[in-house]
>>> print(open('start15.cif').read())   # mmCIF, C-alpha atoms
data_entry
loop_
_atom_site.label_atom_id
_atom_site.label_comp_id
_atom_site.auth_asym_id
_atom_site.auth_seq_id
_atom_site.Cartn_x
_atom_site.Cartn_y
_atom_site.Cartn_z
CA MET A 272 36.64 158.32 -173.85
CA ARG A 273 36.95 154.64 -174.94
CA THR A 274 40.57 155.16 -176.08
CA LYS A 275 41.45 156.69 -172.74
CA LYS A 276 39.79 153.85 -170.85
CA MET A 277 41.67 151.24 -172.92
CA LYS A 278 44.95 153.02 -172.17
CA TRP A 279 44.35 152.72 -168.44
CA LEU A 280 43.19 149.12 -168.70
CA MET A 281 46.50 148.31 -170.41
CA MET A 282 48.37 150.13 -167.65
CA LEU A 283 46.47 148.14 -165.00
CA LEU A 284 47.46 144.90 -166.72
CA VAL A 285 51.12 145.93 -166.78
CA ILE A 286 51.08 146.80 -163.06
CA MET A 287 49.31 143.54 -162.21
CA LEU A 288 51.96 141.63 -164.19
CA MET A 289 54.72 143.41 -162.29
CA VAL A 290 53.12 142.50 -158.96
CA SER A 291 52.72 138.90 -160.11
CA LEU A 292 56.36 138.66 -161.22
CA LEU A 293 57.57 140.09 -157.93
CA ALA A 294 55.42 137.64 -156.03
CA GLY A 295 56.71 134.72 -158.09
CA CYS A 296 60.42 135.49 -158.11
CA GLY A 297 61.19 132.65 -155.67
CA GLY A 298 61.58 130.11 -158.50
CA THR A 299 60.46 126.54 -157.83
CA GLU A 300 61.09 126.42 -154.09
CA GLU A 301 58.44 124.92 -151.87
CA PRO A 302 55.96 127.54 -150.71
CA ALA A 303 56.76 129.02 -147.34
CA GLU A 304 54.40 128.72 -144.41
CA PRO A 305 51.84 131.55 -144.39
CA GLU A 306 52.99 134.53 -142.38
CA GLU A 307 50.93 136.88 -140.31
CA PRO A 308 49.84 139.91 -142.36
CA ALA A 309 52.45 142.62 -142.17
CA GLU A 310 51.60 145.87 -140.47
CA PRO A 311 51.13 148.76 -142.94
CA ALA A 312 54.46 150.37 -143.71
CA GLU A 313 55.29 153.53 -141.85
CA PRO A 314 55.40 156.74 -143.92
CA ALA A 315 58.75 157.26 -145.58
CA GLU A 316 61.06 159.67 -143.84
CA PRO A 317 61.37 163.04 -145.62
CA ALA A 318 64.22 162.94 -148.09
CA GLU A 319 67.30 164.92 -147.21
CA PRO A 320 68.10 167.65 -149.73
CA SER A 321 70.65 166.22 -152.16
CA GLY A 322 71.14 169.13 -154.48
CA GLU A 323 69.55 167.06 -157.25
CA ASP A 324 66.29 167.79 -159.00
CA VAL A 325 63.19 166.13 -157.55
CA THR A 326 60.21 164.96 -159.60
CA ILE A 327 56.75 164.82 -158.04
CA THR A 328 53.93 163.08 -159.89
CA VAL A 329 50.33 164.10 -159.24
CA ALA A 330 47.56 161.70 -160.30
CA ALA A 331 44.68 163.98 -161.30
CA GLY A 332 41.32 163.96 -163.05
CA ALA A 333 40.44 165.37 -166.45
CA VAL A 334 36.67 165.99 -166.29
CA GLY A 335 35.86 169.43 -167.71
CA GLN A 336 38.89 171.69 -167.25
CA GLU A 337 40.40 169.81 -164.30
CA LEU A 338 43.52 168.58 -166.06
CA GLU A 339 44.43 171.96 -167.55
CA LEU A 340 43.86 173.72 -164.24
CA THR A 341 45.99 171.19 -162.38
CA GLN A 342 48.79 171.49 -164.92
CA ALA A 343 48.66 175.28 -164.57
CA ALA A 344 48.98 174.95 -160.79
CA ALA A 345 51.95 172.63 -161.29
CA GLU A 346 53.60 175.26 -163.48
CA ARG A 347 53.08 177.90 -160.79
CA PHE A 348 54.67 175.65 -158.19
CA MET A 349 57.67 174.97 -160.42
CA ASP A 350 58.12 178.70 -161.07
CA GLU A 351 58.40 179.24 -157.31
CA ASN A 352 60.46 176.11 -156.62
CA PRO A 353 63.37 175.63 -159.01
CA GLY A 354 64.72 172.13 -158.85
CA VAL A 355 61.28 170.53 -158.47
CA THR A 356 59.49 169.10 -161.49
CA VAL A 357 55.77 168.39 -161.09
CA ASN A 358 54.27 165.96 -163.57
CA VAL A 359 50.49 165.64 -163.83
CA LEU A 360 49.26 162.14 -164.61
CA ASP A 361 45.94 162.00 -166.46
CA THR A 362 43.78 159.30 -164.83
CA PRO A 363 40.47 157.68 -165.86
CA ASP A 364 37.33 159.82 -165.68
CA LEU A 365 35.07 157.24 -164.03
CA ALA A 366 35.64 157.02 -160.29
CA GLN A 367 35.72 153.22 -160.09
CA ASP A 368 38.25 153.03 -162.94
CA ARG A 369 40.45 155.56 -161.20
CA LEU A 370 40.15 153.72 -157.90
CA GLY A 371 41.11 150.46 -159.61
CA LEU A 372 44.26 152.09 -160.96
CA TYR A 373 45.14 153.51 -157.55
CA LEU A 374 44.69 150.14 -155.87
CA GLN A 375 47.18 148.61 -158.28
CA PHE A 376 49.75 151.27 -157.36
CA PHE A 377 49.11 150.64 -153.67
CA GLU A 378 49.32 146.86 -154.06
CA ALA A 379 52.76 147.31 -155.61
CA GLN A 380 53.68 149.94 -152.96
CA SER A 381 54.71 152.00 -155.96
CA SER A 382 56.57 155.28 -155.56
CA GLU A 383 55.60 156.26 -159.12
CA VAL A 384 52.81 158.53 -157.88
CA ASP A 385 53.44 160.97 -155.02
CA VAL A 386 50.14 162.87 -154.80
CA TYR A 387 46.72 161.36 -155.47
CA GLN A 388 43.51 163.20 -156.25
CA ILE A 389 40.97 161.23 -154.21
CA ASP A 390 37.19 161.31 -154.06
CA VAL A 391 35.40 162.54 -150.94
CA ILE A 392 34.22 158.96 -150.38
CA TRP A 393 37.67 157.34 -150.29
CA PRO A 394 39.52 158.58 -147.15
CA GLY A 395 38.14 155.81 -144.95
CA ASP A 396 38.91 153.06 -147.48
CA LEU A 397 42.40 154.29 -148.44
CA ALA A 398 43.74 155.93 -145.27
CA GLU A 399 46.44 153.30 -144.67
CA HIS A 400 48.22 154.34 -147.88
CA PHE A 401 48.62 158.05 -147.08
CA VAL A 402 50.75 160.15 -144.78
CA ASP A 403 49.29 162.33 -142.03
CA LEU A 404 49.38 165.83 -143.53
CA ASN A 405 49.23 167.29 -140.04
CA GLU A 406 52.87 166.27 -139.81
CA TYR A 407 53.71 168.27 -142.95
CA GLY A 408 52.23 171.68 -142.16
CA ALA A 409 48.53 171.20 -142.87
CA GLY A 410 47.64 172.13 -139.31
CA ASP A 411 48.57 175.75 -140.07
CA VAL A 412 45.90 176.09 -142.79
CA ILE A 413 43.26 173.44 -142.18
CA ASP A 414 40.95 175.78 -140.22
CA GLU A 415 40.38 177.76 -143.44
CA HIS A 416 38.45 174.82 -144.95
CA PHE A 417 34.90 173.57 -144.44
CA PRO A 418 34.94 171.71 -141.10
CA ALA A 419 32.70 168.91 -142.39
CA ILE A 420 35.15 168.09 -145.20
CA VAL A 421 38.12 168.22 -142.83
CA GLU A 422 36.27 165.79 -140.56
CA ASN A 423 35.54 163.57 -143.57
CA ASN A 424 39.26 163.52 -144.43
CA THR A 425 40.38 162.73 -140.88
CA VAL A 426 40.69 159.04 -140.08
CA ASP A 427 41.71 157.97 -136.57
CA GLY A 428 43.05 161.46 -135.92
CA LYS A 429 45.13 161.43 -139.11
CA LEU A 430 44.50 164.04 -141.84
CA VAL A 431 44.85 161.81 -144.87
CA ALA A 432 44.00 164.48 -147.48
CA ILE A 433 43.77 168.25 -147.85
CA PRO A 434 40.41 169.48 -149.26
CA TRP A 435 40.82 170.69 -152.84
CA PHE A 436 37.36 171.41 -154.21
CA THR A 437 33.85 170.48 -153.19
CA ASP A 438 30.76 169.63 -155.18
CA ALA A 439 27.04 169.18 -154.90
CA GLY A 440 24.53 168.12 -157.53
CA LEU A 441 22.62 170.94 -159.24
CA LEU A 442 19.74 171.31 -161.68
CA TYR A 443 20.68 173.17 -164.86
CA TYR A 444 17.74 174.64 -166.76
CA ARG A 445 17.26 176.57 -170.00
CA THR A 446 16.05 180.05 -169.10
CA ASP A 447 14.98 180.71 -172.70
CA MET A 448 12.92 177.52 -172.80
CA LEU A 449 11.20 178.18 -169.50
CA GLU A 450 10.35 181.68 -170.69
CA LYS A 451 9.10 180.36 -174.04
CA TYR A 452 6.78 177.84 -172.37
CA ASN A 453 5.87 180.09 -169.44
CA PHE A 454 7.37 177.92 -166.69
CA GLU A 455 9.20 178.65 -163.45
CA PRO A 456 12.10 176.38 -162.46
CA PRO A 457 10.63 173.10 -161.19
CA THR A 458 10.74 172.49 -157.45
CA THR A 459 9.48 168.88 -157.47
CA TRP A 460 10.25 165.84 -159.62
CA ASP A 461 6.63 165.79 -160.78
CA GLU A 462 6.95 169.38 -162.01
CA LEU A 463 10.21 168.57 -163.79
CA GLU A 464 8.57 165.61 -165.53
CA GLU A 465 5.65 167.73 -166.72
CA GLN A 466 7.80 170.63 -167.92
CA ALA A 467 10.39 168.41 -169.58
CA ALA A 468 7.72 166.49 -171.49
CA LEU A 469 5.97 169.64 -172.78
CA ILE A 470 9.20 171.40 -173.78
CA GLN A 471 10.51 168.25 -175.49
CA GLU A 472 7.26 167.85 -177.43
CA GLY A 473 7.26 171.50 -178.47
CA GLU A 474 10.89 171.62 -179.58
CA ARG A 475 10.59 168.45 -181.59
CA ALA A 476 7.47 169.83 -183.27
CA ASP A 477 9.51 172.96 -184.08
CA GLY A 478 12.04 170.89 -186.02
CA ASN A 479 14.60 169.54 -183.53
CA PRO A 480 14.03 165.76 -183.39
CA ASP A 481 17.08 165.31 -181.12
CA PHE A 482 15.76 167.50 -178.33
CA VAL A 483 15.15 165.79 -174.96
CA GLY A 484 13.66 166.95 -171.70
CA PHE A 485 16.20 165.83 -169.10
CA VAL A 486 19.74 164.41 -169.10
CA TRP A 487 21.64 163.03 -166.13
CA GLN A 488 24.10 160.31 -165.09
CA GLY A 489 22.54 156.88 -165.65
CA ASP A 490 25.50 154.61 -166.37
CA SER A 491 26.35 151.82 -163.91
CA TYR A 492 29.02 153.68 -161.93
CA GLU A 493 29.53 155.98 -158.94
CA GLY A 494 27.78 158.85 -160.70
CA LEU A 495 24.54 156.86 -160.61
CA THR A 496 24.97 156.37 -156.86
CA CYS A 497 25.04 160.17 -156.57
CA ASP A 498 21.98 160.74 -158.76
CA ALA A 499 19.93 157.95 -157.17
CA LEU A 500 20.85 159.02 -153.64
CA GLU A 501 19.47 162.48 -154.50
CA TRP A 502 16.19 161.01 -155.70
CA ILE A 503 15.84 158.77 -152.64
CA ALA A 504 16.90 161.31 -150.01
CA SER A 505 14.58 163.94 -151.53
CA ASN A 506 11.72 161.46 -151.21
CA ASP A 507 12.31 160.64 -147.53
CA GLY A 508 13.88 157.34 -148.51
CA GLY A 509 17.04 157.60 -146.41
CA THR A 510 20.67 157.31 -147.43
CA ILE A 511 21.05 153.58 -148.28
CA ILE A 512 22.80 152.88 -144.96
CA SER A 513 22.25 155.18 -141.99
CA PRO A 514 25.06 156.86 -140.03
CA ASP A 515 24.36 154.45 -137.16
CA ARG A 516 25.04 151.50 -139.51
CA MET A 517 21.56 150.27 -140.27
CA ILE A 518 20.62 149.14 -143.79
CA THR A 519 17.66 151.32 -144.80
CA ILE A 520 17.39 151.08 -148.58
CA ASN A 521 14.41 148.71 -148.83
CA ASN A 522 11.61 151.15 -148.03
CA THR A 523 8.49 152.35 -149.84
CA ASN A 524 9.70 155.89 -150.53
CA ALA A 525 13.00 154.70 -152.04
CA ILE A 526 11.19 152.14 -154.18
CA GLU A 527 8.62 154.65 -155.48
CA ILE A 528 11.12 157.31 -156.57
CA VAL A 529 13.47 154.89 -158.34
CA ASP A 530 10.53 153.35 -160.20
CA GLN A 531 9.52 156.91 -161.13
CA ALA A 532 13.02 157.62 -162.46
CA ALA A 533 12.87 154.42 -164.53
CA GLY A 534 9.79 155.91 -166.19
CA TRP A 535 11.92 158.78 -167.51
CA ILE A 536 13.86 156.42 -169.79
CA GLY A 537 12.60 156.80 -173.35
CA THR A 538 10.10 159.51 -172.34
CA ILE A 539 11.74 162.72 -171.08
CA SER A 540 15.25 161.18 -171.15
CA PRO A 541 16.89 159.37 -174.06
CA THR A 542 17.19 155.58 -173.82
CA GLY A 543 20.95 156.06 -174.00
CA VAL A 544 20.99 157.91 -170.68
CA THR A 545 21.55 154.53 -168.98
CA GLY A 546 25.06 154.78 -170.43
CA PHE A 547 25.67 158.45 -169.61
CA GLY A 548 28.37 159.85 -167.36
CA GLU A 549 28.84 163.53 -166.51
CA GLU A 550 30.49 164.43 -169.80
CA ASP A 551 27.90 162.58 -171.89
CA ALA A 552 25.10 164.54 -170.25
CA ARG A 553 27.03 167.79 -170.67
CA ALA A 554 27.60 167.13 -174.38
CA VAL A 555 23.85 166.86 -175.02
CA TRP A 556 23.09 169.86 -172.83
CA GLN A 557 25.85 172.11 -174.15
CA GLY A 558 24.86 171.20 -177.69
CA GLY A 559 21.48 172.81 -177.01
CA ASN A 560 19.51 169.58 -177.03
CA ALA A 561 18.09 169.37 -173.50
CA ALA A 562 15.78 171.45 -171.34
CA PHE A 563 17.20 170.24 -168.00
CA MET A 564 20.40 168.60 -166.80
CA ARG A 565 21.60 167.24 -163.49
CA ASN A 566 25.33 167.82 -163.13
CA TRP A 567 28.08 169.27 -160.91
CA PRO A 568 29.14 172.94 -160.77
CA TYR A 569 32.09 172.42 -163.15
CA ALA A 570 29.67 172.40 -166.10
CA TYR A 571 28.66 176.03 -165.46
CA SER A 572 31.76 177.77 -166.82
CA LEU A 573 31.97 175.34 -169.75
CA GLY A 574 28.33 176.02 -170.59
CA GLN A 575 29.09 179.73 -170.81
CA GLY A 576 32.01 179.18 -173.18
CA SER A 577 32.22 180.50 -176.72
CA ASP A 578 31.66 177.00 -178.15
CA SER A 579 28.47 176.42 -176.16
CA ALA A 580 25.04 176.52 -177.81
CA VAL A 581 23.43 177.43 -174.49
CA ALA A 582 25.75 180.25 -173.39
CA GLY A 583 23.72 183.03 -171.78
CA ASN A 584 20.54 180.96 -171.86
CA PHE A 585 20.71 178.83 -168.72
CA ASP A 586 20.87 179.01 -164.95
CA VAL A 587 21.10 176.61 -162.02
CA SER A 588 18.87 175.83 -159.04
CA PRO A 589 18.60 173.25 -156.27
CA LEU A 590 17.49 169.81 -157.41
CA PRO A 591 13.75 169.07 -157.18
CA ALA A 592 12.06 167.52 -154.18
CA GLY A 593 9.97 164.43 -153.75
CA ASP A 594 7.77 163.74 -150.73
CA SER A 595 10.27 165.32 -148.34
CA GLY A 596 9.42 168.79 -149.63
CA ALA A 597 13.09 169.63 -150.13
CA GLY A 598 15.62 168.70 -152.76
CA ALA A 599 18.72 166.75 -151.87
CA ALA A 600 22.17 167.28 -153.39
CA THR A 601 24.84 164.61 -153.05
CA LEU A 602 28.09 165.83 -151.53
CA GLY A 603 30.95 165.45 -153.96
CA GLY A 604 34.41 166.85 -154.24
CA TRP A 605 38.03 165.86 -154.39
CA GLN A 606 41.03 166.00 -152.11
CA LEU A 607 44.81 165.73 -152.45
CA ALA A 608 46.56 162.95 -150.52
CA VAL A 609 50.27 162.13 -150.30
CA SER A 610 51.36 158.53 -150.76
CA LYS A 611 53.31 156.98 -147.91
CA TYR A 612 55.28 155.15 -150.62
CA SER A 613 56.57 158.45 -152.04
CA GLU A 614 60.35 158.88 -151.98
CA ASN A 615 59.86 162.59 -151.30
CA PRO A 616 56.81 162.93 -149.02
CA GLU A 617 57.85 166.33 -147.65
CA ILE A 618 58.06 167.91 -151.09
CA ALA A 619 54.93 166.05 -152.23
CA ALA A 620 53.09 167.56 -149.24
CA GLU A 621 54.34 171.01 -150.23
CA VAL A 622 52.88 170.48 -153.71
CA ALA A 623 49.53 169.29 -152.32
CA LEU A 624 49.21 172.18 -149.86
CA PHE A 625 50.23 174.67 -152.55
CA MET A 626 47.64 173.39 -155.03
CA ALA A 627 44.93 173.59 -152.36
CA ASN A 628 45.81 177.06 -151.08
CA TYR A 629 43.64 180.20 -151.33
CA ASP A 630 45.16 181.55 -154.54
CA ASN A 631 44.98 178.29 -156.45
CA GLN A 632 41.45 177.49 -155.28
CA LYS A 633 40.42 180.97 -156.39
CA ILE A 634 41.86 180.46 -159.88
CA ARG A 635 40.10 177.11 -160.17
CA ALA A 636 36.82 178.66 -159.02
CA VAL A 637 36.99 181.60 -161.45
CA GLU A 638 38.22 179.65 -164.47
CA GLY A 639 36.60 176.26 -163.91
CA SER A 640 33.57 176.73 -161.59
CA LEU A 641 35.19 174.33 -159.11
CA ASN A 642 33.73 175.04 -155.68
CA PRO A 643 36.35 176.10 -153.14
CA THR A 644 36.70 174.36 -149.81
CA ILE A 645 38.16 177.54 -148.29
CA MET A 646 35.21 179.37 -146.74
CA ALA A 647 36.53 182.91 -147.30
CA LEU A 648 36.39 182.44 -151.07
CA TYR A 649 32.59 182.50 -150.95
CA ASP A 650 32.88 186.20 -150.09
CA ASP A 651 35.41 186.93 -152.84
CA ASP A 652 34.00 189.37 -155.41
CA GLU A 653 35.85 187.84 -158.38
CA VAL A 654 34.69 184.34 -157.50
CA LEU A 655 31.07 185.46 -157.15
CA GLU A 656 31.20 187.47 -160.37
CA ALA A 657 32.33 184.36 -162.28
CA ASN A 658 29.88 182.08 -160.46
CA PRO A 659 26.88 184.00 -159.09
CA PHE A 660 25.24 180.79 -157.90
CA PHE A 661 28.09 180.14 -155.44
CA GLY A 662 26.50 182.74 -153.20
CA SER A 663 22.83 182.02 -153.83
CA LEU A 664 23.25 178.25 -153.48
CA TYR A 665 25.76 178.33 -150.64
CA ASP A 666 23.35 176.44 -148.37
CA VAL A 667 23.11 173.64 -150.95
CA PHE A 668 26.86 173.13 -150.83
CA ILE A 669 27.23 173.15 -147.05
CA ASN A 670 24.15 170.97 -146.45
CA ALA A 671 24.76 168.39 -149.16
CA VAL A 672 23.88 164.76 -148.40
CA ALA A 673 26.89 162.54 -147.76
CA ARG A 674 27.13 159.07 -149.22
CA PRO A 675 27.51 156.39 -146.50
CA SER A 676 31.27 156.15 -146.95
CA THR A 677 32.18 156.81 -143.32
CA ALA A 678 29.70 154.31 -141.88
CA THR A 679 30.74 151.58 -144.30
CA ALA A 680 34.53 152.09 -144.45
CA PRO A 681 36.55 150.21 -145.57
CA ASN A 682 33.75 148.61 -147.62
CA TYR A 683 32.18 151.67 -149.22
CA ASN A 684 33.26 150.82 -152.76
CA ALA A 685 31.58 147.40 -152.53
CA VAL A 686 28.45 148.98 -151.02
CA SER A 687 28.20 151.62 -153.74
CA THR A 688 28.83 149.09 -156.50
CA ALA A 689 26.01 146.88 -155.22
CA PHE A 690 23.72 149.91 -155.00
CA PHE A 691 24.35 151.42 -158.43
CA ARG A 692 24.09 148.02 -160.10
CA ALA A 693 20.71 147.44 -158.42
CA VAL A 694 19.44 150.87 -159.50
CA HIS A 695 20.78 150.38 -163.02
CA SER A 696 18.90 147.09 -163.32
CA VAL A 697 15.70 149.01 -162.58
CA LEU A 698 16.47 151.76 -165.07
CA THR A 699 17.18 149.27 -167.85
CA GLY A 700 13.92 147.42 -167.16
CA ASP A 701 15.53 144.17 -166.00
CA THR A 702 13.56 144.31 -162.74
CA ASP A 703 11.49 146.64 -160.58
CA ALA A 704 12.73 148.59 -157.58
CA ALA A 705 10.88 146.47 -155.01
CA THR A 706 12.60 143.30 -156.20
CA ALA A 707 15.98 144.99 -156.70
CA PHE A 708 16.04 146.55 -153.22
CA GLU A 709 14.86 143.39 -151.50
CA GLU A 710 17.88 141.61 -152.98
CA LEU A 711 20.15 144.61 -152.39
CA GLU A 712 19.55 144.76 -148.65
CA LEU A 713 20.67 141.14 -148.34
CA ASP A 714 23.77 141.87 -150.42
CA LEU A 715 24.56 144.87 -148.23
CA GLN A 716 24.16 142.73 -145.13
CA ASP A 717 26.69 140.26 -146.54
CA ILE A 718 29.13 143.08 -147.40
CA THR A 719 28.88 145.02 -144.14
CA GLY A 720 27.49 142.69 -141.51
CA PHE A 721 25.04 145.46 -140.52
CA ASP A 722 21.47 144.85 -139.43
CA ILE A 723 18.46 145.65 -141.60
CA GLU A 724 16.23 148.39 -140.25
#
>>> encode(input="start15.cif", output="structure tokens")
Amino acid sequence: MRTKKMKWLMMLLVIMLMVSLLAGCGGTEEPAEPEEPAEPAEPAEPAEPSGEDVTITVAAGAVGQELELTQAAAERFMDENPGVTVNVLDTPDLAQDRLGLYLQFFEAQSSEVDVYQIDVIWPGDLAEHFVDLNEYGAGDVIDEHFPAIVENNTVDGKLVAIPWFTDAGLLYYRTDMLEKYNFEPPTTWDELEEQAALIQEGERADGNPDFVGFVWQGDSYEGLTCDALEWIASNDGGTIISPDRMITINNTNAIEIVDQAAGWIGTISPTGVTGFGEEDARAVWQGGNAAFMRNWPYAYSLGQGSDSAVAGNFDVSPLPAGDSGAGAATLGGWQLAVSKYSENPEIAAEVALFMANYDNQKIRAVEGSLNPTIMALYDDDEVLEANPFFGSLYDVFINAVARPSTATAPNYNAVSTAFFRAVHSVLTGDTDAATAFEELELDLQDITGFDIE
């Protein structure tokens, strides 16, 4: 993980140097008068067939089996399209690191990457850098996908990305442990605390000193925004900023649940959880050393693998509830967008639409537990056989809580960063939630200009 991150930091430095050199190539001449900001460049015209081979580069993720599945889809496209080479670029796992890399490509108006895997929260912030896929055939297939995700990916009437897979947070629990200790899956955070503490105590007494009650994503990054939003929304604490652009985070219910989560550190969760991402939590869970885990659906198929200590001994359920009486799952998922700086946008769009089609989404669902965005796949027998919870938790996926990316665009990244840093400061004991959220609402007002509710 650290080696991979260092690799991308080095790449960012190289790109920044290139941009700096380009900007400074005017020698020692006097600086020119400032010019009005240029309008965003128009999408490149589709390249005329030249008879030469074309290379399309797809920037993709590598969490779980994502990279292998994307490479397999690239191979299938190349088999059907001789003369086109599809390279898959492995990008950083953490969302903010990946976004930082993308922004460097966009700043340089680089044609190095043709297709970008983008988070569900990025269309509003990054729309100016992508072509309108409606102009490249997406209109023929877009009605197959979840309408809410299509709406999310449409900015000023422009479809900036084709839905690829969707996500929602889930609670993973050890069926063998719940049976051993005579518990039912917890439906509230209080129940989870109680069960996790008793199971942890019992397993450690039975000779496993590394066993913990609950693992999740506590590092200071976008994953913590997802986890904390679930706690707060489930406790009637709102969604940080409301859809009508009011700052709502500084309220009693949000404060109480985040302080409660801080109490998990060093009790039912390891102290190191404040540095955990998705894969860190999965490593503890899949190694057989946790009773409960919050994670995305991708971890299901990996947990059932031959190298998993928990294979056959776990299941998933909706996340627990707080005072609202219902759990809340953060909407996640990824899309494929075509760069307007691509030299071959028409072929790049073909690659994106191919990778997101019915057959490829089905393969990704069966082999990688990646939730389809094509509605018909939730009635597919092979998909449901591989992932029984796709059917039973369908309502969780279609009713997931959206992060305030639409309301805050193009400032969502700054909003989320301020939020997860504030929550992280509470989890690490640097402050309490009341103090952190009082300061946070002022920071959010500076970032967005919105009023405080």
>>> residues_near_point(input="start15.cif", point="(32.9, 179.4, -163.7)", cutoff="12 Å", atoms="all atoms listed in the file", output="ChimeraX atom specification")
/A:335-336,567-576,633-643,653-661
>>> write_last_selection(input="start15.cif", atoms="C-alpha atoms", output="PDB file, in the frame of the given file")
ATOM      1  CA  GLY A 335      35.860 169.430-167.710  1.00  0.00           C
ATOM      2  CA  GLN A 336      38.890 171.690-167.250  1.00  0.00           C
ATOM      3  CA  TRP A 567      28.080 169.270-160.910  1.00  0.00           C
ATOM      4  CA  PRO A 568      29.140 172.940-160.770  1.00  0.00           C
ATOM      5  CA  TYR A 569      32.090 172.420-163.150  1.00  0.00           C
ATOM      6  CA  ALA A 570      29.670 172.400-166.100  1.00  0.00           C
ATOM      7  CA  TYR A 571      28.660 176.030-165.460  1.00  0.00           C
ATOM      8  CA  SER A 572      31.760 177.770-166.820  1.00  0.00           C
ATOM      9  CA  LEU A 573      31.970 175.340-169.750  1.00  0.00           C
ATOM     10  CA  GLY A 574      28.330 176.020-170.590  1.00  0.00           C
ATOM     11  CA  GLN A 575      29.090 179.730-170.810  1.00  0.00           C
ATOM     12  CA  GLY A 576      32.010 179.180-173.180  1.00  0.00           C
ATOM     13  CA  LYS A 633      40.420 180.970-156.390  1.00  0.00           C
ATOM     14  CA  ILE A 634      41.860 180.460-159.880  1.00  0.00           C
ATOM     15  CA  ARG A 635      40.100 177.110-160.170  1.00  0.00           C
ATOM     16  CA  ALA A 636      36.820 178.660-159.020  1.00  0.00           C
ATOM     17  CA  VAL A 637      36.990 181.600-161.450  1.00  0.00           C
ATOM     18  CA  GLU A 638      38.220 179.650-164.470  1.00  0.00           C
ATOM     19  CA  GLY A 639      36.600 176.260-163.910  1.00  0.00           C
ATOM     20  CA  SER A 640      33.570 176.730-161.590  1.00  0.00           C
ATOM     21  CA  LEU A 641      35.190 174.330-159.110  1.00  0.00           C
ATOM     22  CA  ASN A 642      33.730 175.040-155.680  1.00  0.00           C
ATOM     23  CA  PRO A 643      36.350 176.100-153.140  1.00  0.00           C
ATOM     24  CA  GLU A 653      35.850 187.840-158.380  1.00  0.00           C
ATOM     25  CA  VAL A 654      34.690 184.340-157.500  1.00  0.00           C
ATOM     26  CA  LEU A 655      31.070 185.460-157.150  1.00  0.00           C
ATOM     27  CA  GLU A 656      31.200 187.470-160.370  1.00  0.00           C
ATOM     28  CA  ALA A 657      32.330 184.360-162.280  1.00  0.00           C
ATOM     29  CA  ASN A 658      29.880 182.080-160.460  1.00  0.00           C
ATOM     30  CA  PRO A 659      26.880 184.000-159.090  1.00  0.00           C
ATOM     31  CA  PHE A 660      25.240 180.790-157.900  1.00  0.00           C
ATOM     32  CA  PHE A 661      28.090 180.140-155.440  1.00  0.00           C
TER      33      PHE A 661
END
>>> resolve_selection(input="start15.cif", expression="the PyMOL selection byres ((chain A and resi 410-412) around 10)", output="list in words")
Leu404, Asn405, Glu406, Tyr407, Gly408, Ala409, Ile413, Asp414, Glu415, His416, Leu430, Ile433, Leu624, Ala627, Asn628, Tyr629 and Ile645 of chain A
>>> write_last_selection(input="start15.cif", atoms="C-alpha atoms", output="short mmCIF file (atom, residue, chain, number, x, y, z; two decimals), keeping the file's coordinate frame")
data_model
loop_
_atom_site.label_atom_id
_atom_site.label_comp_id
_atom_site.auth_asym_id
_atom_site.auth_seq_id
_atom_site.Cartn_x
_atom_site.Cartn_y
_atom_site.Cartn_z
CA LEU A 404 49.38 165.83 -143.53
CA ASN A 405 49.23 167.29 -140.04
CA GLU A 406 52.87 166.27 -139.81
CA TYR A 407 53.71 168.27 -142.95
CA GLY A 408 52.23 171.68 -142.16
CA ALA A 409 48.53 171.20 -142.87
CA ILE A 413 43.26 173.44 -142.18
CA ASP A 414 40.95 175.78 -140.22
CA GLU A 415 40.38 177.76 -143.44
CA HIS A 416 38.45 174.82 -144.95
CA LEU A 430 44.50 164.04 -141.84
CA ILE A 433 43.77 168.25 -147.85
CA LEU A 624 49.21 172.18 -149.86
CA ALA A 627 44.93 173.59 -152.36
CA ASN A 628 45.81 177.06 -151.08
CA TYR A 629 43.64 180.20 -151.33
CA ILE A 645 38.16 177.54 -148.29
#
>>> residues_around(input="start15.cif", residues="segment 691-701 of chain A", least_positions_apart="3", cutoff="6 Å", atoms="only C-alpha atoms", output="compact mmCIF listing (two decimals) with C-alpha atoms, in the frame of the given file")
# COMPACT_ATOMS: atom_id res chain seq x y z
CA SER A 491 26.35 151.82 -163.91
CA LEU A 495 24.54 156.86 -160.61
CA THR A 496 24.97 156.37 -156.86
CA ALA A 533 12.87 154.42 -164.53
CA THR A 688 28.83 149.09 -156.50
CA ALA A 704 12.73 148.59 -157.58
CA ALA A 707 15.98 144.99 -156.70
>>> resolve_selection(input="start15.cif", expression="the PyMOL selection byres ((chain A and resi 437) around 10)", output="MDAnalysis selection string")
chainID A and resid 390:391 417 420 434:436 438:439 567:568 602:606 641:645 668:669
>>> resolve_selection(input="start15.cif", expression="the PyMOL selection byres ((chain A and resi 672-675) around 6)", output="list in words")
Ala600, Thr601, Leu602, Ala671, Ser676, Thr677 and Ala678 of chain A
>>> atom_distance(input="start15.cif", atom1="atom CA of Asp385 of chain A", atom2="atom CA of Thr326 of chain A")
9.1 Å
>>> closest_residue(input="start15.cif", among="A:Glu339, A:Glu549, A:Asp651, A:Glu493", to="Ala366 of chain A", atoms="only C-alpha atoms")
A:Glu493
>>> residues_near_point(input="start15.cif", point="(11.6, 171.4, -157.8)", cutoff="12 Å", atoms="all atoms listed in the file", output="MDAnalysis selection string")
chainID A and resid 441:444 454:466 502 505:506 563 587:599
